[in-house]
file model-v9.tsv (TSV, C-alpha atoms and all ligand atoms)
chain	number	residue	atom	x	y	z
V	194	MET	CA	0.00	0.00	0.00
V	195	ASP	CA	1.52	3.31	-1.10
V	196	ILE	CA	0.17	6.47	0.54
V	197	ILE	CA	0.79	10.21	0.62
V	198	LEU	CA	0.61	12.29	3.80
V	199	LEU	CA	-0.21	15.80	2.67
V	200	GLY	CA	-0.30	18.91	4.83
V	201	PRO	CA	1.55	22.14	5.56
V	202	PRO	CA	4.82	22.16	7.51
V	203	GLY	CA	4.26	21.15	11.11
V	204	ALA	CA	0.99	19.34	10.42
V	205	GLY	CA	2.45	16.14	11.90
V	206	LYS	CA	3.34	14.27	8.71
V	207	GLY	CA	6.73	13.13	10.02
V	208	THR	CA	5.32	12.04	13.39
V	209	GLN	CA	2.53	10.02	11.82
V	210	ALA	CA	4.85	8.55	9.17
V	211	GLN	CA	7.22	7.34	11.89
V	212	ARG	CA	4.35	5.66	13.66
V	213	LEU	CA	3.31	3.85	10.47
V	214	VAL	CA	6.91	2.70	10.03
V	215	ASP	CA	6.94	1.29	13.58
V	216	ARG	CA	3.48	-0.26	13.54
V	217	ARG	CA	3.06	-1.41	9.94
V	218	GLY	CA	6.59	-1.86	8.65
V	219	MET	CA	6.02	0.69	5.91
V	220	VAL	CA	8.90	2.80	4.58
V	221	GLN	CA	8.93	6.59	5.07
V	222	LEU	CA	10.15	8.52	2.05
V	223	SER	CA	10.67	12.11	3.16
V	224	THR	CA	12.23	14.41	0.56
V	225	GLY	CA	12.96	16.91	3.37
V	226	ASP	CA	15.05	14.26	5.20
V	227	MET	CA	16.79	13.25	1.95
V	228	LEU	CA	17.63	16.89	1.19
V	229	ARG	CA	18.89	17.55	4.74
V	230	ALA	CA	21.14	14.46	4.43
V	231	ALA	CA	22.45	15.78	1.09
V	232	VAL	CA	23.15	19.21	2.61
V	233	LYS	CA	24.97	17.61	5.54
V	234	ALA	CA	27.05	15.41	3.24
V	235	GLY	CA	27.86	18.36	0.98
V	236	THR	CA	26.78	16.54	-2.22
V	237	PRO	CA	26.11	18.56	-5.40
V	238	VAL	CA	22.35	18.27	-4.70
V	239	GLY	CA	22.92	19.45	-1.14
V	240	LEU	CA	24.94	22.44	-2.29
V	241	LYS	CA	22.16	23.47	-4.65
V	242	ALA	CA	19.37	22.92	-2.13
V	243	LYS	CA	20.83	24.55	0.98
V	244	ALA	CA	19.98	28.22	0.37
V	245	VAL	CA	16.58	27.37	-1.12
V	246	MET	CA	15.66	25.36	1.97
V	247	GLU	CA	16.90	28.03	4.35
V	248	ALA	CA	14.64	30.52	2.58
V	249	GLY	CA	11.67	28.15	2.92
V	250	GLU	CA	11.20	27.94	-0.84
V	251	LEU	CA	10.80	24.82	-2.94
V	252	VAL	CA	13.74	22.88	-4.33
V	253	SER	CA	13.38	22.07	-8.06
V	254	ASP	CA	10.96	19.38	-9.18
V	255	ALA	CA	13.76	17.62	-11.06
V	256	ILE	CA	15.94	17.26	-7.96
V	257	VAL	CA	13.24	15.97	-5.61
V	258	SER	CA	11.67	13.66	-8.19
V	259	ALA	CA	15.11	12.15	-8.86
V	260	LEU	CA	15.64	11.63	-5.11
V	261	ILE	CA	12.31	9.80	-4.82
V	262	GLY	CA	13.22	7.71	-7.88
V	263	GLU	CA	16.49	6.69	-6.22
V	264	HIS	CA	14.82	5.66	-2.95
V	265	LEU	CA	11.52	4.23	-4.14
V	266	ASP	CA	12.62	0.62	-4.47
V	267	GLN	CA	13.49	0.50	-0.74
V	268	SER	CA	9.75	0.40	-0.14
V	269	ALA	CA	8.96	-2.41	-2.62
V	270	GLY	CA	6.67	-4.95	-1.01
V	271	LYS	CA	6.39	-2.90	2.19
V	272	GLY	CA	4.48	0.17	1.11
V	273	ALA	CA	5.73	3.74	0.95
V	274	ILE	CA	4.62	6.73	2.98
V	275	PHE	CA	5.39	9.82	0.91
V	276	ASP	CA	6.05	12.60	3.40
V	277	GLY	CA	6.59	16.09	2.01
V	278	PHE	CA	6.37	14.80	-1.56
V	279	PRO	CA	4.72	15.59	-3.94
V	280	ARG	CA	4.56	19.34	-3.35
V	281	THR	CA	3.66	20.47	-6.89
V	282	GLN	CA	1.49	19.25	-9.74
V	283	HIS	CA	4.61	18.33	-11.69
V	284	GLN	CA	5.88	16.19	-8.81
V	285	ALA	CA	2.46	14.50	-8.50
V	286	GLU	CA	2.65	13.50	-12.15
V	287	ALA	CA	6.28	12.36	-11.80
V	288	LEU	CA	5.26	10.17	-8.86
V	289	ASP	CA	2.50	8.51	-10.88
V	290	ILE	CA	5.01	7.67	-13.59
V	291	LEU	CA	7.60	6.31	-11.14
V	292	LEU	CA	4.98	4.12	-9.44
V	293	GLY	CA	3.39	3.04	-12.73
V	294	GLU	CA	6.76	1.90	-14.08
V	295	ARG	CA	6.93	-0.46	-11.12
V	296	GLY	CA	3.36	-1.72	-11.38
V	297	ARG	CA	2.40	0.24	-8.26
V	298	ALA	CA	-0.32	2.82	-7.62
V	299	LEU	CA	-1.39	5.09	-4.75
V	300	SER	CA	-4.02	3.72	-2.37
V	301	HIS	CA	-4.64	6.83	-0.24
V	302	VAL	CA	-3.84	10.52	-0.04
V	303	ILE	CA	-4.37	11.66	3.53
V	304	GLU	CA	-4.65	15.39	4.10
V	305	LEU	CA	-3.84	16.67	7.58
V	306	GLY	CA	-5.97	19.77	8.09
V	307	VAL	CA	-4.55	22.39	10.46
V	308	ASP	CA	-4.84	25.94	11.72
V	309	GLU	CA	-1.91	27.98	10.39
V	310	GLU	CA	-1.37	30.23	13.40
V	311	ALA	CA	-1.17	27.23	15.71
V	312	LEU	CA	1.35	25.70	13.32
V	313	VAL	CA	3.73	28.62	13.62
V	314	GLU	CA	3.88	28.02	17.38
V	315	ARG	CA	4.25	24.27	16.87
V	316	ILE	CA	7.13	24.62	14.46
V	317	THR	CA	9.12	27.46	15.96
V	318	GLY	CA	9.22	25.67	19.34
V	319	ARG	CA	10.47	22.30	18.15
V	320	PHE	CA	13.96	20.92	18.74
V	321	THR	CA	15.64	17.52	18.92
V	322	CYS	CA	18.39	15.84	20.89
V	323	ALA	CA	21.64	16.13	18.89
V	324	THR	CA	22.68	12.64	20.04
V	325	CYS	CA	19.57	10.44	19.69
V	326	SER	CA	17.16	12.69	17.73
V	327	ALA	CA	14.39	12.45	20.38
V	328	PRO	CA	11.87	15.19	19.55
V	329	TYR	CA	10.93	17.99	22.01
V	330	HIS	CA	9.00	21.26	22.07
V	331	ASP	CA	9.65	24.40	24.16
V	332	ARG	CA	6.06	24.60	25.31
V	333	PHE	CA	4.30	21.30	24.56
V	334	LYS	CA	7.05	18.78	25.34
V	335	PRO	CA	10.04	20.23	27.20
V	336	THR	CA	12.73	17.91	28.58
V	337	LYS	CA	11.94	16.74	32.15
V	338	VAL	CA	15.24	18.14	33.39
V	339	GLU	CA	16.24	21.34	31.67
V	340	GLY	CA	19.12	20.81	29.26
V	341	THR	CA	19.11	16.99	29.54
V	342	CYS	CA	17.58	14.57	27.04
V	343	ASP	CA	14.94	12.31	28.69
V	344	VAL	CA	15.93	9.39	26.46
V	345	CYS	CA	19.74	9.32	26.31
V	346	GLY	CA	20.86	11.93	28.85
V	347	GLY	CA	22.56	14.01	26.15
V	348	HIS	CA	23.08	17.71	26.73
V	349	GLU	CA	23.20	19.00	23.17
V	350	PHE	CA	20.11	19.89	21.19
V	351	LYS	CA	19.49	21.21	17.73
V	352	ARG	CA	16.88	23.14	15.80
V	353	ARG	CA	16.28	23.06	12.08
V	354	PRO	CA	17.61	26.28	10.51
V	355	ASP	CA	14.31	26.66	8.60
V	356	ASP	CA	12.14	26.48	11.74
V	357	ASN	CA	12.18	30.26	12.36
V	358	GLU	CA	9.00	32.32	12.00
V	359	GLN	CA	9.87	34.12	8.78
V	360	THR	CA	10.86	30.91	6.96
V	361	VAL	CA	7.84	29.07	8.34
V	362	ARG	CA	5.54	31.73	6.88
V	363	THR	CA	7.23	31.36	3.49
V	364	ARG	CA	6.90	27.55	3.69
V	365	MET	CA	3.19	27.93	4.41
V	366	ALA	CA	2.71	30.33	1.53
V	367	GLU	CA	4.46	27.81	-0.73
V	368	TYR	CA	2.09	25.11	0.53
V	369	ARG	CA	-0.98	27.25	-0.16
V	370	ALA	CA	0.20	28.33	-3.61
V	371	LYS	CA	1.74	25.15	-4.99
V	372	THR	CA	0.86	22.09	-2.90
V	373	ALA	CA	-2.79	22.50	-1.83
V	374	PRO	CA	-3.79	22.95	-5.53
V	375	ILE	CA	-2.74	19.36	-6.31
V	376	LEU	CA	-5.56	17.93	-4.15
V	377	PRO	CA	-8.17	17.98	-6.96
V	378	TYR	CA	-5.81	15.82	-9.05
V	379	TYR	CA	-6.24	13.09	-6.42
V	380	GLU	CA	-9.86	13.92	-5.53
V	381	GLU	CA	-10.88	13.11	-9.09
V	382	ARG	CA	-9.59	9.60	-8.47
V	383	GLY	CA	-11.38	9.29	-5.12
V	384	LEU	CA	-8.10	8.93	-3.23
V	385	VAL	CA	-8.35	11.79	-0.71
V	386	SER	CA	-9.33	11.49	2.97
V	387	ARG	CA	-9.07	14.33	5.46
V	388	VAL	CA	-8.07	14.07	9.11
V	389	ASP	CA	-8.06	16.73	11.80
V	390	GLY	CA	-4.37	17.50	12.23
V	391	MET	CA	-5.08	19.68	15.27
V	392	ALA	CA	-6.23	16.65	17.29
V	393	SER	CA	-3.78	14.80	19.56
V	394	VAL	CA	-1.09	12.59	18.00
V	395	GLU	CA	-3.01	9.49	19.18
V	396	GLU	CA	-6.32	10.70	17.77
V	397	VAL	CA	-4.77	11.58	14.39
V	398	ALA	CA	-3.10	8.15	14.35
V	399	ALA	CA	-6.46	6.47	15.06
V	400	GLN	CA	-8.09	8.40	12.22
V	401	ILE	CA	-5.31	7.35	9.84
V	402	ASP	CA	-5.62	3.71	10.95
V	403	ARG	CA	-9.33	3.79	10.18
V	404	ILE	CA	-8.64	5.10	6.68
V	405	LEU	CA	-5.92	2.55	5.94
V	406	ASP	CA	-8.01	-0.32	7.26
V	407	SER	CA	-11.11	0.66	5.34
V	408	ALA	CA	-11.74	-1.38	2.22
V	409	ARG	CA	-11.21	0.49	-1.02
G	1	LIG	P1	10.21	19.36	5.02
G	1	LIG	O1	11.16	18.63	5.90
G	1	LIG	O2	9.30	18.44	4.26
G	1	LIG	O3	9.47	20.47	5.73
G	1	LIG	O4	11.10	20.08	3.89
G	1	LIG	C1	12.06	21.06	4.24
G	1	LIG	C2	12.43	21.87	2.99
G	1	LIG	O5	13.00	21.01	2.00
G	1	LIG	C3	11.26	22.54	2.29
G	1	LIG	O6	10.93	23.79	2.88
G	1	LIG	C4	11.81	22.69	0.87
G	1	LIG	O7	12.75	23.73	0.78
G	1	LIG	C5	12.57	21.37	0.69
G	1	LIG	N1	11.69	20.29	0.16
G	1	LIG	C6	11.35	19.13	0.79
G	1	LIG	N2	10.57	18.36	0.03
G	1	LIG	C7	10.38	19.06	-1.12
G	1	LIG	C8	9.64	18.82	-2.32
G	1	LIG	N3	8.90	17.70	-2.47
G	1	LIG	N4	9.70	19.76	-3.30
G	1	LIG	C9	10.44	20.88	-3.16
G	1	LIG	N5	11.14	21.18	-2.06
G	1	LIG	C10	11.13	20.29	-1.04

call {"tool": "encode", "arguments": {"input": "model-v9.tsv", "output": "structure tokens"}}
result
Amino acid sequence: MDIILLGPPGAGKGTQAQRLVDRRGMVQLSTGDMLRAAVKAGTPVGLKAKAVMEAGELVSDAIVSALIGEHLDQSAGKGAIFDGFPRTQHQAEALDILLGERGRALSHVIELGVDEEALVERITGRFTCATCSAPYHDRFKPTKVEGTCDVCGGHEFKRRPDDNEQTVRTRMAEYRAKTAPILPYYEERGLVSRVDGMASVEEVAAQIDRILDSAR
């Protein structure tokens, strides 16, 4: 089963994708993670993408579609969760071609609906442990002991450079202008389900489970 999690930055796509990986053995394909790895490794793709990502704008369709093409076969037989991809009509069409070439097709497009102002607070407060990547939030999920990771005891934390308010607003504008308009492409095929992304992580997960377990 191949699915797309669609929603603006901070809607909870990554959190829900990770849960589906743990519970269902699916494979998360996040173009944001792939690009961050490329930036960190200093590859040619990373060098091109860095400034675009820091500005909160979209990396070129050709680059992200190629990244998905390179990673897609990791999910063969397990099911892919596309997280942060596709973000444009062109990417949506590229994905159909990549899947079709492999005899695969999308089963569900799940849209996480959210309130934008609440998202800004969600995103600008998030940070992770630099050692074990455990996720935290200044207000909603601080560490139990200030400056110490609950999971591994580490003392270093990091924030994504694009999680500042100005960049977040640009990322949301990009979502509204380029990504939300691809929904009708999937609606025509009866693939879209909506969940309330402002509900708790557990409630959103339960809604997603119901969609994935429903016969189609
Ligand atoms: P994300 O982790 O999904 O929020 O992505 C972080 C940043 O990576 C975005 O703000 C874009 O600059 C870039 N990016 C990730 N996925 C895509 C995509 N499918 N198309 C274009 N740019 C992307």

call {"tool": "closest_residue", "arguments": {"input": "model-v9.tsv", "among": "V:Pro335, V:Cys325, V:His330, V:Pro201", "to": "Gly347 (chain V)", "atoms": "all atoms listed in the file"}}
result
V:Cys325

call {"tool": "closest_residue", "arguments": {"input": "model-v9.tsv", "among": "V:Glu380, V:Glu349, V:Glu294, V:Asp356", "to": "Ser326 (chain V)", "atoms": "all atoms listed in the file"}}
result
V:Glu349

call {"tool": "closest_atom_pairs", "arguments": {"input": "model-v9.tsv", "of": "chain V", "to": "ligand LIG 1 (chain G)", "cutoff": "8 Å", "atoms": "all atoms listed in the file", "output": "tab-separated table"}}
result
residue	atom	partner	partner_atom	distance
V:Pro202	CA	G:LIG1	O3	5.3
V:Gly203	CA	G:LIG1	O3	7.5
V:Ser223	CA	G:LIG1	O2	6.6
V:Thr224	CA	G:LIG1	N2	4.3
V:Gly225	CA	G:LIG1	O1	3.5
V:Asp226	CA	G:LIG1	O1	5.9
V:Leu228	CA	G:LIG1	O5	6.3
V:Arg229	CA	G:LIG1	O5	7.4
V:Ala242	CA	G:LIG1	O7	7.3
V:Val245	CA	G:LIG1	O7	5.6
V:Met246	CA	G:LIG1	O7	3.5
V:Glu247	CA	G:LIG1	O7	7.0
V:Ala248	CA	G:LIG1	O7	7.3
V:Gly249	CA	G:LIG1	O6	4.4
V:Glu250	CA	G:LIG1	O7	4.8
V:Leu251	CA	G:LIG1	N5	3.8
V:Val252	CA	G:LIG1	N5	3.8
V:Ser253	CA	G:LIG1	C9	5.8
V:Asp254	CA	G:LIG1	N4	6.0
V:Val257	CA	G:LIG1	N3	5.6
V:Ser258	CA	G:LIG1	N3	7.5
V:Asp276	CA	G:LIG1	O2	6.7
V:Gly277	CA	G:LIG1	O2	4.2
V:Phe278	CA	G:LIG1	N3	4.0
V:Pro279	CA	G:LIG1	N3	4.9
V:Arg280	CA	G:LIG1	N3	4.7
V:Thr281	CA	G:LIG1	N4	7.1
V:Gln284	CA	G:LIG1	N3	7.2
V:Asp355	CA	G:LIG1	O6	7.2
V:Arg364	CA	G:LIG1	O6	5.6

call {"tool": "closest_residue", "arguments": {"input": "model-v9.tsv", "among": "V:Glu310, V:Leu384, V:Gln282, V:Arg403", "to": "Ala370 (chain V)", "atoms": "only C-alpha atoms"}}
result
V:Gln282

call {"tool": "atom_distance", "arguments": {"input": "model-v9.tsv", "atom1": "CA of Ser407 (chain V)", "atom2": "CA of Lys371 (chain V)"}}
result
29.5 Å

call {"tool": "residues_around", "arguments": {"input": "model-v9.tsv", "residues": "Pro377 (chain V)", "least_positions_apart": "6", "cutoff": "12 Å", "atoms": "all atoms listed in the file", "output": "PyMOL selection string"}}
result
chain V and resi 282+285+302+304+383-386

call {"tool": "closest_residue", "arguments": {"input": "model-v9.tsv", "among": "V:Thr317, V:Gly340, V:Gly262, V:Met365", "to": "Ile290 (chain V)", "atoms": "all atoms listed in the file"}}
result
V:Gly262

call {"tool": "closest_atom_pairs", "arguments": {"input": "model-v9.tsv", "of": "region 247-274 of chain V", "to": "region 197-200 of chain V", "cutoff": "12 Å", "atoms": "all atoms listed in the file", "output": "JSON lines"}}
result
{"residue": "V:Gly272", "atom": "CA", "partner": "V:Ile197", "partner_atom": "CA", "distance": 10.7}
{"residue": "V:Ala273", "atom": "CA", "partner": "V:Ile197", "partner_atom": "CA", "distance": 8.1}
{"residue": "V:Ile274", "atom": "CA", "partner": "V:Ile197", "partner_atom": "CA", "distance": 5.7}

call {"tool": "residues_around", "arguments": {"input": "model-v9.tsv", "residues": "Gly346 (chain V)", "least_positions_apart": "5", "cutoff": "12 Å", "atoms": "all atoms listed in the file", "output": "JSON, numbers by chain"}}
result
{"V": [322, 323, 324, 325, 326, 327, 336, 337, 338, 339, 340, 341]}

call {"tool": "write_last_selection", "arguments": {"input": "model-v9.tsv", "atoms": "C-alpha atoms", "output": "PDB file, in the frame of the given file"}}
result
ATOM      1  CA  CYS V 322      18.390  15.840  20.890  1.00  0.00           C
ATOM      2  CA  ALA V 323      21.640  16.130  18.890  1.00  0.00           C
ATOM      3  CA  THR V 324      22.680  12.640  20.040  1.00  0.00           C
ATOM      4  CA  CYS V 325      19.570  10.440  19.690  1.00  0.00           C
ATOM      5  CA  SER V 326      17.160  12.690  17.730  1.00  0.00           C
ATOM      6  CA  ALA V 327      14.390  12.450  20.380  1.00  0.00           C
ATOM      7  CA  THR V 336      12.730  17.910  28.580  1.00  0.00           C
ATOM      8  CA  LYS V 337      11.940  16.740  32.150  1.00  0.00           C
ATOM      9  CA  VAL V 338      15.240  18.140  33.390  1.00  0.00           C
ATOM     10  CA  GLU V 339      16.240  21.340  31.670  1.00  0.00           C
ATOM     11  CA  GLY V 340      19.120  20.810  29.260  1.00  0.00           C
ATOM     12  CA  THR V 341      19.110  16.990  29.540  1.00  0.00           C
TER      13      THR V 341
END
